[in-house]
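> Next up, structure23.txt (compact mmCIF, C-alpha atoms and all ligand atoms).
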```
# COMPACT_ATOMS: atom_id res chain seq x y z
CA MET A 49 0.00 0.00 0.00
CA LYS A 50 1.22 3.47 -0.83
CA ILE A 51 0.04 6.58 0.98
CA GLU A 52 1.13 9.98 -0.25
CA MET A 53 1.73 12.60 2.41
CA HIS A 54 1.22 16.15 1.18
CA ALA A 55 2.96 18.18 3.85
CA GLU A 56 3.46 21.92 3.36
CA SER A 57 7.18 21.57 2.92
CA LYS A 58 7.22 18.34 0.91
CA THR A 59 5.17 15.52 -0.62
CA TYR A 60 6.48 12.05 0.16
CA PRO A 61 5.40 8.43 -0.10
CA ILE A 62 4.76 6.05 2.79
CA TYR A 63 4.91 2.40 1.73
CA LEU A 64 3.30 -0.21 3.96
CA GLU A 65 4.26 -3.70 2.85
CA ARG A 66 5.36 -6.96 4.47
CA GLY A 67 8.98 -7.76 3.59
CA ILE A 68 9.75 -4.27 2.26
CA LEU A 69 12.89 -3.94 4.42
CA LYS A 70 14.78 -6.52 2.39
CA LYS A 71 14.17 -4.55 -0.80
CA ALA A 72 14.40 -1.08 0.73
CA LYS A 73 17.10 0.03 -1.70
CA GLU A 74 14.82 -0.57 -4.70
CA TYR A 75 12.31 1.85 -3.20
CA ILE A 76 14.81 4.38 -1.92
CA GLY A 77 16.79 4.31 -5.19
CA ARG A 78 18.91 7.42 -4.89
CA SER A 79 22.29 8.21 -6.30
CA GLY A 80 24.14 9.97 -3.44
CA LYS A 81 25.76 8.33 -0.43
CA VAL A 82 23.57 7.08 2.40
CA PHE A 83 24.36 7.22 6.10
CA LEU A 84 22.58 4.64 8.23
CA ILE A 85 21.48 5.26 11.82
CA SER A 86 20.11 2.63 14.19
CA ASP A 87 20.36 1.56 17.83
CA ASP A 88 21.69 -1.59 19.45
CA GLY A 89 18.23 -2.75 20.52
CA VAL A 90 17.15 -3.20 16.89
CA PRO A 91 17.92 -6.89 16.28
CA GLU A 92 20.97 -7.53 14.13
CA GLN A 93 18.89 -9.48 11.64
CA TRP A 94 17.09 -6.24 10.63
CA ARG A 95 20.22 -4.07 10.71
CA ASN A 96 22.04 -6.62 8.54
CA LEU A 97 19.18 -6.72 6.07
CA LEU A 98 19.65 -3.00 5.46
CA GLN A 99 23.44 -2.96 5.67
CA LYS A 100 23.67 -5.77 3.08
CA GLN A 101 21.91 -3.54 0.58
CA TYR A 102 24.39 -0.73 1.27
CA PRO A 103 27.70 -2.55 1.89
CA SER A 104 29.85 0.55 1.64
CA ALA A 105 27.64 2.79 3.80
CA SER A 106 28.51 3.66 7.40
CA MET A 107 25.99 2.63 10.04
CA TYR A 108 26.03 4.59 13.30
CA VAL A 109 24.54 2.45 16.08
CA PHE A 110 23.90 4.09 19.45
CA LYS A 111 22.79 2.62 22.76
CA ASN A 112 19.05 1.93 22.76
CA GLY A 113 16.60 3.66 25.07
CA GLU A 114 15.09 7.06 25.80
CA ALA A 115 18.19 8.00 27.84
CA SER A 116 20.11 8.27 24.55
CA LYS A 117 17.75 10.90 23.15
CA ASN A 118 20.04 13.77 24.14
CA PHE A 119 22.67 16.25 22.98
CA ASP A 120 25.55 13.81 23.55
CA THR A 121 24.15 11.21 21.16
CA LEU A 122 23.19 13.93 18.71
CA GLN A 123 26.75 15.25 18.71
CA ASP A 124 28.17 11.77 18.25
CA ILE A 125 25.88 11.21 15.26
CA LEU A 126 26.84 14.56 13.71
CA LYS A 127 30.54 13.80 14.23
CA ALA A 128 30.14 10.38 12.59
CA MET A 129 28.34 12.01 9.66
CA GLN A 130 31.15 14.52 9.28
CA LYS A 131 33.74 11.75 9.47
CA ALA A 132 31.90 9.82 6.75
CA HIS A 133 31.99 12.99 4.60
CA VAL A 134 28.22 13.13 4.35
CA SER A 135 27.31 16.09 2.13
CA ARG A 136 24.10 17.90 1.25
CA LYS A 137 23.65 15.56 -1.73
CA ASP A 138 23.55 12.54 0.57
CA SER A 139 20.78 11.05 2.71
CA VAL A 140 20.27 9.55 6.12
CA ILE A 141 18.33 6.32 6.61
CA ALA A 142 16.89 5.75 10.07
CA LEU A 143 16.19 2.13 11.08
CA GLY A 144 14.61 1.80 14.50
CA GLY A 145 11.88 2.91 16.85
CA GLY A 146 10.76 6.40 17.77
CA VAL A 147 14.05 7.20 19.48
CA VAL A 148 16.10 6.46 16.35
CA GLY A 149 13.58 8.26 14.14
CA ASP A 150 13.51 11.37 16.33
CA MET A 151 17.31 11.47 16.69
CA ALA A 152 18.13 10.72 13.05
CA GLY A 153 15.42 13.12 11.88
CA PHE A 154 16.75 15.94 14.04
CA ALA A 155 20.36 15.26 13.02
CA SER A 156 19.22 15.42 9.37
CA ALA A 157 17.32 18.64 10.02
CA ILE A 158 20.36 20.48 11.32
CA TYR A 159 23.35 18.86 9.58
CA MET A 160 24.48 21.32 6.91
CA ARG A 161 21.19 23.18 7.44
CA GLY A 162 19.20 20.10 6.50
CA ILE A 163 19.70 16.97 4.43
CA PRO A 164 17.12 14.37 3.34
CA TYR A 165 16.26 11.38 5.50
CA ILE A 166 14.32 8.20 4.99
CA ASN A 167 12.57 6.59 7.92
CA ILE A 168 12.24 2.81 8.35
CA PRO A 169 10.32 2.45 11.64
CA THR A 170 10.73 -0.89 13.44
CA THR A 171 8.47 -0.61 16.50
CA SER A 172 4.68 -0.59 16.63
CA LEU A 173 4.79 2.92 18.08
CA SER A 174 6.96 4.30 15.31
CA GLN A 175 5.06 2.49 12.53
CA ILE A 176 1.71 3.71 13.84
CA ASP A 177 2.66 7.18 14.88
CA SER A 178 6.10 8.72 15.15
CA SER A 179 7.61 7.94 11.74
CA ILE A 180 5.37 10.31 9.84
CA GLY A 181 4.50 13.89 10.44
CA GLY A 182 7.93 15.46 10.60
CA LYS A 183 8.31 16.06 14.34
CA THR A 184 11.92 15.45 15.36
CA ALA A 185 13.49 16.18 18.73
CA ILE A 186 15.72 15.33 21.64
CA ASP A 187 14.92 15.57 25.35
CA PHE A 188 16.58 18.48 27.12
CA ASN A 189 17.09 19.48 30.73
CA GLY A 190 14.53 16.98 31.95
CA VAL A 191 11.88 18.06 29.43
CA LYS A 192 10.87 15.56 26.78
CA ASN A 193 11.21 16.59 23.13
CA CYS A 194 12.17 20.09 24.23
CA VAL A 195 14.69 20.80 21.45
CA GLY A 196 13.82 19.82 17.90
CA ALA A 197 12.56 20.77 14.47
CA PHE A 198 9.81 20.07 12.01
CA TRP A 199 11.63 18.11 9.32
CA GLN A 200 9.70 15.80 7.03
CA PRO A 201 11.26 12.55 5.78
CA ASP A 202 11.65 11.96 2.03
CA MET A 203 10.11 8.51 2.32
CA VAL A 204 8.82 6.12 4.98
CA LEU A 205 9.03 2.33 4.60
CA VAL A 206 6.82 0.35 6.99
CA ASP A 207 7.43 -3.40 7.23
CA PRO A 208 5.12 -5.08 9.78
CA GLU A 209 7.31 -8.22 9.68
CA VAL A 210 9.96 -6.56 11.83
CA LEU A 211 7.46 -6.31 14.68
CA THR A 212 7.77 -10.07 15.29
CA THR A 213 10.95 -9.52 17.33
CA LEU A 214 9.50 -6.81 19.59
CA THR A 215 8.85 -7.68 23.23
CA PRO A 216 5.12 -8.00 23.97
CA ARG A 217 5.41 -4.95 26.25
CA HIS A 218 6.84 -2.76 23.48
CA PHE A 219 4.33 -4.14 20.98
CA HIS A 220 1.41 -3.22 23.21
CA ASN A 221 2.93 0.09 24.20
CA GLY A 222 2.76 1.20 20.56
CA LEU A 223 -0.79 -0.03 20.19
CA ALA A 224 -1.87 2.47 22.86
CA GLU A 225 -1.35 5.20 20.23
CA ALA A 226 -3.62 3.26 17.84
CA VAL A 227 -6.30 3.01 20.53
CA LYS A 228 -5.94 6.78 20.92
CA GLU A 229 -6.37 7.35 17.18
CA GLY A 230 -9.46 5.15 17.20
CA LEU A 231 -11.00 7.17 20.02
CA ILE A 232 -10.39 10.56 18.40
CA LYS A 233 -11.03 9.68 14.76
CA ASP A 234 -12.05 6.12 13.88
CA GLU A 235 -14.61 4.05 15.78
CA LYS A 236 -13.96 0.96 13.62
CA LEU A 237 -10.28 1.08 14.59
CA PHE A 238 -11.20 1.25 18.29
CA GLU A 239 -13.56 -1.71 17.86
CA ILE A 240 -10.70 -3.89 16.55
CA PHE A 241 -9.21 -3.70 20.06
CA GLU A 242 -12.48 -4.87 21.59
CA ARG A 243 -11.86 -8.27 20.01
CA ASP A 244 -9.41 -10.92 21.17
CA ASP A 245 -7.88 -11.36 17.69
CA TYR A 246 -6.71 -7.70 17.41
CA ALA A 247 -3.09 -8.75 16.80
CA ASP A 248 -4.11 -10.60 13.62
CA HIS A 249 -5.22 -7.23 12.26
CA ILE A 250 -1.94 -5.40 12.77
CA ASP A 251 -1.54 -4.45 9.09
CA GLU A 252 -5.02 -2.93 9.06
CA ILE A 253 -4.34 -1.16 12.36
CA ILE A 254 -1.16 0.42 10.98
CA ALA A 255 -2.86 1.39 7.71
CA ARG A 256 -5.77 3.05 9.50
CA CYS A 257 -3.40 4.95 11.79
CA LEU A 258 -1.18 6.13 8.96
CA ASN A 259 -4.22 7.41 7.08
CA ILE A 260 -5.54 9.24 10.14
CA LYS A 261 -2.18 10.83 10.83
CA LYS A 262 -1.71 11.78 7.15
CA ASN A 263 -5.06 13.58 7.09
CA VAL A 264 -4.46 15.39 10.35
CA VAL A 265 -0.91 16.46 9.44
CA GLU A 266 -1.99 17.60 5.97
CA HIS A 267 -4.53 19.93 7.54
CA ASP A 268 -2.29 21.21 10.31
CA GLU A 269 1.39 20.36 10.01
CA LYS A 270 2.59 22.78 12.70
CA GLU A 271 -0.03 21.86 15.31
CA THR A 272 -1.98 25.09 15.52
CA GLY A 273 -5.35 23.33 15.43
CA GLU A 274 -6.44 19.84 14.37
CA ARG A 275 -3.07 18.17 15.01
CA LYS A 276 -3.60 18.88 18.69
CA LEU A 277 -6.14 16.04 18.61
CA LEU A 278 -3.25 13.60 18.40
CA ASN A 279 -2.26 14.77 21.88
CA PHE A 280 -5.28 13.03 23.40
CA GLY A 281 -4.07 11.47 26.65
CA HIS A 282 -0.69 13.17 26.37
CA THR A 283 -1.25 16.05 28.80
CA TYR A 284 -1.40 13.72 31.80
CA GLY A 285 0.61 11.12 29.88
CA HIS A 286 3.70 13.33 29.57
CA GLY A 287 3.43 14.38 33.22
CA LEU A 288 3.34 10.75 34.35
CA GLU A 289 6.12 9.78 31.95
CA SER A 290 8.41 12.46 33.38
CA TYR A 291 7.40 11.57 36.92
CA PHE A 292 8.19 7.86 36.58
CA GLY A 293 11.38 8.59 34.66
CA MET A 294 13.23 6.56 32.06
CA ASP A 295 12.86 3.27 33.91
CA GLY A 296 9.20 3.68 34.74
CA TYR A 297 6.29 3.39 32.38
CA TYR A 298 6.69 3.62 28.60
CA HIS A 299 5.23 6.45 26.53
CA GLY A 300 2.18 4.50 25.25
CA GLU A 301 1.48 3.12 28.71
CA CYS A 302 1.37 6.69 30.05
CA VAL A 303 -0.85 7.80 27.16
CA GLY A 304 -3.28 5.03 28.13
CA LEU A 305 -3.32 6.23 31.74
CA GLY A 306 -3.59 9.84 30.51
CA MET A 307 -6.67 9.05 28.39
CA LEU A 308 -8.39 7.51 31.41
CA LYS A 309 -7.60 10.62 33.48
CA ILE A 310 -9.10 13.04 30.98
CA LEU A 311 -12.24 11.20 29.81
CA ASN A 312 -15.56 12.53 31.14
CA ASN A 313 -17.78 9.90 29.57
CA LYS A 314 -18.19 6.89 31.87
CA GLU A 315 -19.27 4.44 29.17
CA ILE A 316 -16.27 5.24 26.97
CA LYS A 317 -13.99 5.06 29.98
CA ASP A 318 -15.28 1.57 30.84
CA ARG A 319 -14.74 0.39 27.27
CA LEU A 320 -11.24 1.86 27.30
CA VAL A 321 -10.35 0.10 30.57
CA LYS A 322 -11.34 -3.23 29.02
CA VAL A 323 -9.25 -2.53 25.91
CA LEU A 324 -6.19 -1.45 27.89
CA GLU A 325 -6.46 -4.55 30.06
CA ARG A 326 -6.71 -6.75 26.97
CA LEU A 327 -3.51 -5.08 25.68
CA GLN A 328 -1.80 -5.66 29.05
CA LEU A 329 -1.48 -1.90 29.53
CA PRO A 330 -1.77 -0.33 33.01
CA VAL A 331 -5.09 1.19 34.05
CA THR A 332 -4.08 2.57 37.45
CA CYS A 333 -0.86 3.81 39.03
CA GLU A 334 0.31 5.43 42.26
CA TYR A 335 1.90 8.87 42.14
CA ASP A 336 2.43 12.13 44.00
CA ALA A 337 -0.18 14.45 42.48
CA ASP A 338 1.69 17.70 43.29
CA ALA A 339 4.86 16.42 41.66
CA VAL A 340 3.07 15.26 38.51
CA PHE A 341 1.19 18.59 38.29
CA GLN A 342 4.46 20.50 38.55
CA LEU A 343 5.96 18.44 35.75
CA MET A 344 2.90 19.09 33.61
CA MET A 345 3.33 22.81 34.14
CA ASN A 346 6.91 22.51 32.86
CA ASP A 347 5.72 20.77 29.71
CA LYS A 348 5.86 22.97 26.64
CA LYS A 349 2.15 22.46 25.95
CA ALA A 350 1.21 24.22 29.18
CA ASP A 351 0.23 27.76 28.28
CA HIS A 352 -0.05 30.27 31.18
CA ASP A 353 -3.21 29.66 33.19
CA HIS A 354 -4.84 27.05 30.98
CA ILE A 355 -4.00 23.95 28.94
CA SER A 356 -5.49 22.74 25.68
CA ILE A 357 -6.73 19.21 26.27
CA VAL A 358 -8.49 16.74 24.01
CA GLN A 359 -11.83 15.26 25.02
CA VAL A 360 -13.92 12.43 23.56
CA ASP A 361 -17.68 12.20 24.30
CA GLU A 362 -18.40 10.03 21.27
CA ILE A 363 -15.90 7.47 19.93
CA GLY A 364 -14.31 8.72 16.72
CA ASN A 365 -14.99 12.39 17.45
CA GLY A 366 -12.28 13.96 19.57
CA TYR A 367 -12.27 17.70 20.13
CA VAL A 368 -9.98 20.28 21.75
CA GLU A 369 -10.97 22.42 24.72
CA ASP A 370 -9.19 24.58 27.28
CA TRP A 371 -8.94 23.49 30.87
CA SER A 372 -7.81 25.82 33.65
CA ASN A 373 -4.77 24.75 35.61
CA GLU A 374 -7.03 24.24 38.66
CA LYS A 375 -9.24 21.81 36.76
CA ILE A 376 -6.18 19.92 35.53
CA ARG A 377 -4.91 19.66 39.10
CA GLU A 378 -8.27 18.44 40.45
CA ARG A 379 -8.27 15.38 38.19
CA LEU A 380 -4.94 14.13 39.45
N1 LIG A 401 8.14 12.29 16.39
C1 LIG A 401 6.94 11.98 16.80
O1 LIG A 401 5.94 12.41 16.23
C2 LIG A 401 6.78 11.05 17.97
C3 LIG A 401 5.52 10.54 18.29
C4 LIG A 401 5.41 9.63 19.33
C5 LIG A 401 6.53 9.26 20.06
N2 LIG A 401 7.74 9.78 19.71
C6 LIG A 401 8.96 9.38 20.44
O2 LIG A 401 9.22 8.01 20.17
C7 LIG A 401 9.97 7.47 21.25
C8 LIG A 401 9.44 6.11 21.63
O3 LIG A 401 9.51 5.26 20.51
P1 LIG A 401 9.48 3.67 20.67
O4 LIG A 401 8.38 3.27 21.54
O5 LIG A 401 9.57 3.14 19.31
O6 LIG A 401 10.78 3.39 21.53
P2 LIG A 401 12.29 3.01 21.14
O7 LIG A 401 12.71 3.65 19.90
O8 LIG A 401 13.09 3.23 22.35
O9 LIG A 401 12.17 1.43 20.86
C9 LIG A 401 11.85 0.55 21.90
C10 LIG A 401 12.88 -0.56 22.05
O10 LIG A 401 12.68 -1.52 21.02
C11 LIG A 401 13.93 -1.79 20.37
N3 LIG A 401 13.56 -2.19 19.01
C12 LIG A 401 13.34 -1.40 17.93
N4 LIG A 401 12.90 -2.14 16.90
C13 LIG A 401 12.84 -3.41 17.32
C14 LIG A 401 12.43 -4.63 16.72
N5 LIG A 401 11.95 -4.68 15.48
N6 LIG A 401 12.52 -5.76 17.46
C15 LIG A 401 12.94 -5.74 18.75
N7 LIG A 401 13.33 -4.61 19.37
C16 LIG A 401 13.27 -3.46 18.67
C17 LIG A 401 14.69 -0.51 20.51
O11 LIG A 401 16.06 -0.72 20.37
C18 LIG A 401 14.32 -0.09 21.94
O12 LIG A 401 15.09 -0.80 22.87
C19 LIG A 401 9.90 8.47 22.38
O13 LIG A 401 11.13 9.11 22.49
C20 LIG A 401 8.83 9.44 21.93
O14 LIG A 401 9.03 10.75 22.41
C21 LIG A 401 7.89 10.66 18.70
ZN ZN A 402 2.45 9.76 21.75
```
Translate this structure into structure tokens?

Amino acid sequence: MKIEMHAESKTYPIYLERGILKKAKEYIGRSGKVFLISDDGVPEQWRNLLQKQYPSASMYVFKNGEASKNFDTLQDILKAMQKAHVSRKDSVIALGGGVVGDMAGFASAIYMRGIPYINIPTTSLSQIDSSIGGKTAIDFNGVKNCVGAFWQPDMVLVDPEVLTTLTPRHFHNGLAEAVKEGLIKDEKLFEIFERDDYADHIDEIIARCLNIKKNVVEHDEKETGERKLLNFGHTYGHGLESYFGMDGYYHGECVGLGMLKILNNKEIKDRLVKVLERLQLPVTCEYDADAVFQLMMNDKKADHDHISIVQVDEIGNGYVEDWSNEKIRERL
């Protein structure tokens, strides 16, 4: 399947196909040098599949995990690119989850004022969500995604086969973003998760999510309006993620908890609890409310005395509204 993303800055294809990684070069087909970026948590079998197609290309592999999403790793990547004589005619290929995509995308955005990059997402989270849309960033000074750029990829290659090596926890973590997309935009997508055989529908889940994200990003690339919908569950989610730290809950797990915190509608909330439980995602957690609130106030989406949140009263129809800081605090 091919989806064309018409972003303001660029139009690019997203290919969703089983087995596409082993023929990535045929799709990418460019003349300049390529510089490969991955992390050491991406199984060697997938890294080798790409490296074999580009035997003379350098592959920079950094230590996996959110803790690497910082200035030090960014600098190391930029140094390695310089050492490999990467020029403006060349391209970066990112092979990995959201951390690799965000890091490689940001490095591409700033190296020589911007060079092209191709994203090959390898986690459910990155295939469903982070690989398209052009948001790239690193964490800074304790604030997630604080320093970054909007920089669209030239192409995205999504191969659901690589998900077979993911741990069940990471697999389900990514699916939390799909549940979110179902709640804000696509009732049929949400209903897939109300069945026990949801995992057999992973290709359809990814396709539906990519189409939702494409439509939202095409209308509002820089997140001044509709794109905010994708932040459903993220206001509390980011606060909890910062609170629990790198070794606590994963991003999608916090988004799940964040959606439960924000929902007003009891019936939807009950359905969501059942879905999250089926996906082995947490539905409750213990925390210090003042500390989480403080972290939420530090988040870049907090704007003076109110915060834009996303609410869902009817599945498939999310909307944005402003909540005062007091109201946000009360829910914690
Ligand atoms: N740019 C965006 O729009 C956007 C959107 C959502 C999230 N994000 C970011 O994405 C990041 C989270 O992404 P993630 O959940 O993919 O985490 P991740 O990139 O850390 O990947 C999770 C783990 O899985 C390993 N891995 C990757 N592919 C694998 C495979 N096929 N088999 C086995 N293991 C594999 C990784 O090495 C890592 O250890 C966060 O930093 C978040 O801020 C960005
Ligand atoms: Zn998210």
> Quick one: residues within 9 Å of (7.3, 14.5, 31.8) (file frame), counting all atoms listed in the file, please, as a PDB file with C-alpha atoms, in the coordinates of the input.

```
ATOM      1  CA  GLY A 190      14.530  16.980  31.950  1.00  0.00           C
ATOM      2  CA  VAL A 191      11.880  18.060  29.430  1.00  0.00           C
ATOM      3  CA  LYS A 192      10.870  15.560  26.780  1.00  0.00           C
ATOM      4  CA  TYR A 284      -1.400  13.720  31.800  1.00  0.00           C
ATOM      5  CA  GLY A 285       0.610  11.120  29.880  1.00  0.00           C
ATOM      6  CA  HIS A 286       3.700  13.330  29.570  1.00  0.00           C
ATOM      7  CA  GLY A 287       3.430  14.380  33.220  1.00  0.00           C
ATOM      8  CA  LEU A 288       3.340  10.750  34.350  1.00  0.00           C
ATOM      9  CA  GLU A 289       6.120   9.780  31.950  1.00  0.00           C
ATOM     10  CA  SER A 290       8.410  12.460  33.380  1.00  0.00           C
ATOM     11  CA  TYR A 291       7.400  11.570  36.920  1.00  0.00           C
ATOM     12  CA  PHE A 292       8.190   7.860  36.580  1.00  0.00           C
ATOM     13  CA  GLY A 293      11.380   8.590  34.660  1.00  0.00           C
ATOM     14  CA  VAL A 340       3.070  15.260  38.510  1.00  0.00           C
ATOM     15  CA  LEU A 343       5.960  18.440  35.750  1.00  0.00           C
ATOM     16  CA  MET A 344       2.900  19.090  33.610  1.00  0.00           C
ATOM     17  CA  ASN A 346       6.910  22.510  32.860  1.00  0.00           C
ATOM     18  CA  ASP A 347       5.720  20.770  29.710  1.00  0.00           C
TER      19      ASP A 347
END
```
> Please identify all polymer residues within 9 Å of Glu274 of chain A, counting all atoms listed in the file, omitting same-chain residues fewer than 4 positions from it, and present them as a compact mmCIF listing (two decimals) with C-alpha atoms, in the frame of the given file.

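This is the output file part.txt:
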```txt
# COMPACT_ATOMS: atom_id res chain seq x y z
CA VAL A 264 -4.46 15.39 10.35
CA VAL A 265 -0.91 16.46 9.44
CA HIS A 267 -4.53 19.93 7.54
CA ASP A 268 -2.29 21.21 10.31
CA GLU A 269 1.39 20.36 10.01
CA LEU A 278 -3.25 13.60 18.40
CA TYR A 367 -12.27 17.70 20.13
CA VAL A 368 -9.98 20.28 21.75
```
> Kindly indicate which residue among A:Glu378, A:Glu225, A:Asp202, A:Asp187 lies nearest to ligand ZN 402 (chain A), using all atoms listed in the file for the distances.
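Among A:Glu378, A:Glu225, A:Asp202, A:Asp187, it is A:Glu225 that comes nearest to ligand ZN 402 (chain A).
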> Env of Phe238 of chain A: 9 Å cut, atoms = all atoms listed in the file, seq-sep filter 2 positions within chain, self excluded. Answer as a short mmCIF file (atom, residue, chain, number, x, y, z; two decimals) with C-alpha atoms, in the frame of the given file.

```cif
data_model
loop_
_atom_site.label_atom_id
_atom_site.label_comp_id
_atom_site.auth_asym_id
_atom_site.auth_seq_id
_atom_site.Cartn_x
_atom_site.Cartn_y
_atom_site.Cartn_z
CA ALA A 226 -3.62 3.26 17.84
CA VAL A 227 -6.30 3.01 20.53
CA LYS A 228 -5.94 6.78 20.92
CA GLU A 229 -6.37 7.35 17.18
CA GLY A 230 -9.46 5.15 17.20
CA LEU A 231 -11.00 7.17 20.02
CA ASP A 234 -12.05 6.12 13.88
CA GLU A 235 -14.61 4.05 15.78
CA LYS A 236 -13.96 0.96 13.62
CA ILE A 240 -10.70 -3.89 16.55
CA PHE A 241 -9.21 -3.70 20.06
CA GLU A 242 -12.48 -4.87 21.59
CA VAL A 323 -9.25 -2.53 25.91
CA ILE A 363 -15.90 7.47 19.93
CA GLY A 364 -14.31 8.72 16.72
#
```
> Using only C-alpha atoms and all ligand atoms, which residues have at least one atom no more than 6 Å from ligand LIG 401 (chain A)? Output them as a ChimeraX atom specification.
/A:87-91,112-114,144-148,150,170-171,173-174,177-178,183-184,210-211,213-214
> For Lys322 of chain A, work out the shell of residues within 12 Å, counting only C-alpha atoms and skipping chain neighbours fewer than 3 positions away, then give it as a list in words.
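In the requested format, the answer is Val227, Phe238, Glu239, Phe241, Glu242, Arg243, Asp244, Gly304, Leu308, Glu315, Ile316, Lys317, Asp318, Arg319, Glu325, Arg326, Leu327, Gln328, Leu329, Pro330 and Val331 of chain A.
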> Ranking A:Tyr63, A:Tyr246, A:Phe280, A:Trp371 by minimum distance to ligand ZN 402 (chain A) and counting all atoms listed in the file, which one comes first?
A:Phe280
> Can you tell me how far atom CA of His54 of chain A sits from atom CA of Lys270 of chain A, in Å to one decimal?
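Those two atoms sit 13.4 Å apart.
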> Would you list the residues that come within 7 Å of ligand ZN 402 (chain A)? Count all atoms listed in the file and give the answer as a count of residues only.
6
> Have a look at atom CA of Met49 of chain A and atom CA of Leu64 of chain A and let me know their distance in Å, one decimal.
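One can read the atom CA of Met49 of chain A to atom CA of Leu64 of chain A distance as 5.2 Å.
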> Select, from A:Lys127, A:Lys71, A:Arg78, A:Arg377, the residue with the minimum atom-to-atom distance to Gln101 of chain A, counting only C-alpha atoms.
A:Lys71
> Rank nothing, just name the residue among A:Val360, A:Gln175, A:Ser116, A:Leu143 nearest to Glu92 of chain A, using only C-alpha atoms.
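Answer, going by the shortest atom-to-atom distance: A:Leu143.
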> Between atom CA of Gly296 of chain A and atom CA of Phe341 of chain A, measure the distance and give it in Å to one decimal.
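Going from atom CA of Gly296 of chain A over to atom CA of Phe341 of chain A covers 17.3 Å.
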> Got a sec to check which residues sit within 9 Å of (14.4, 17.5, 22.0), counting all atoms listed in the file, and write them as a ChimeraX atom specification?
/A:117-119,150-151,154,184-188,191-197
> Under the rule that all atoms listed in the file are counted, which of A:Met129, A:Ile176, A:Ile376, A:Ala105 is the nearest residue to Asp338 of chain A?
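Comparing A:Met129, A:Ile176, A:Ile376, A:Ala105 against Asp338 of chain A, the winner is A:Ile376.
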> Restricting the calculation to only C-alpha atoms, which member of A:Ser156, A:Ser172, A:Gln359, A:Asn365 is positioned closest to Lys233 of chain A?
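That would be A:Asn365, the residue with the smallest distance to Lys233 of chain A.
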> For segment 132-137 of chain A, list every protein, DNA or RNA residue within 10 Å, evaluated using all atoms listed in the file, and leave out those in the same chain fewer than 2 positions away; present the list as a list in words.
Arg78, Ser79, Gly80, Lys81, Val82, Phe83, Ala105, Ser106, Met107, Leu126, Lys127, Ala128, Met129, Gln130, Ser139, Val140, Ser156, Tyr159, Met160, Arg161, Gly162, Ile163 and Pro164 of chain A
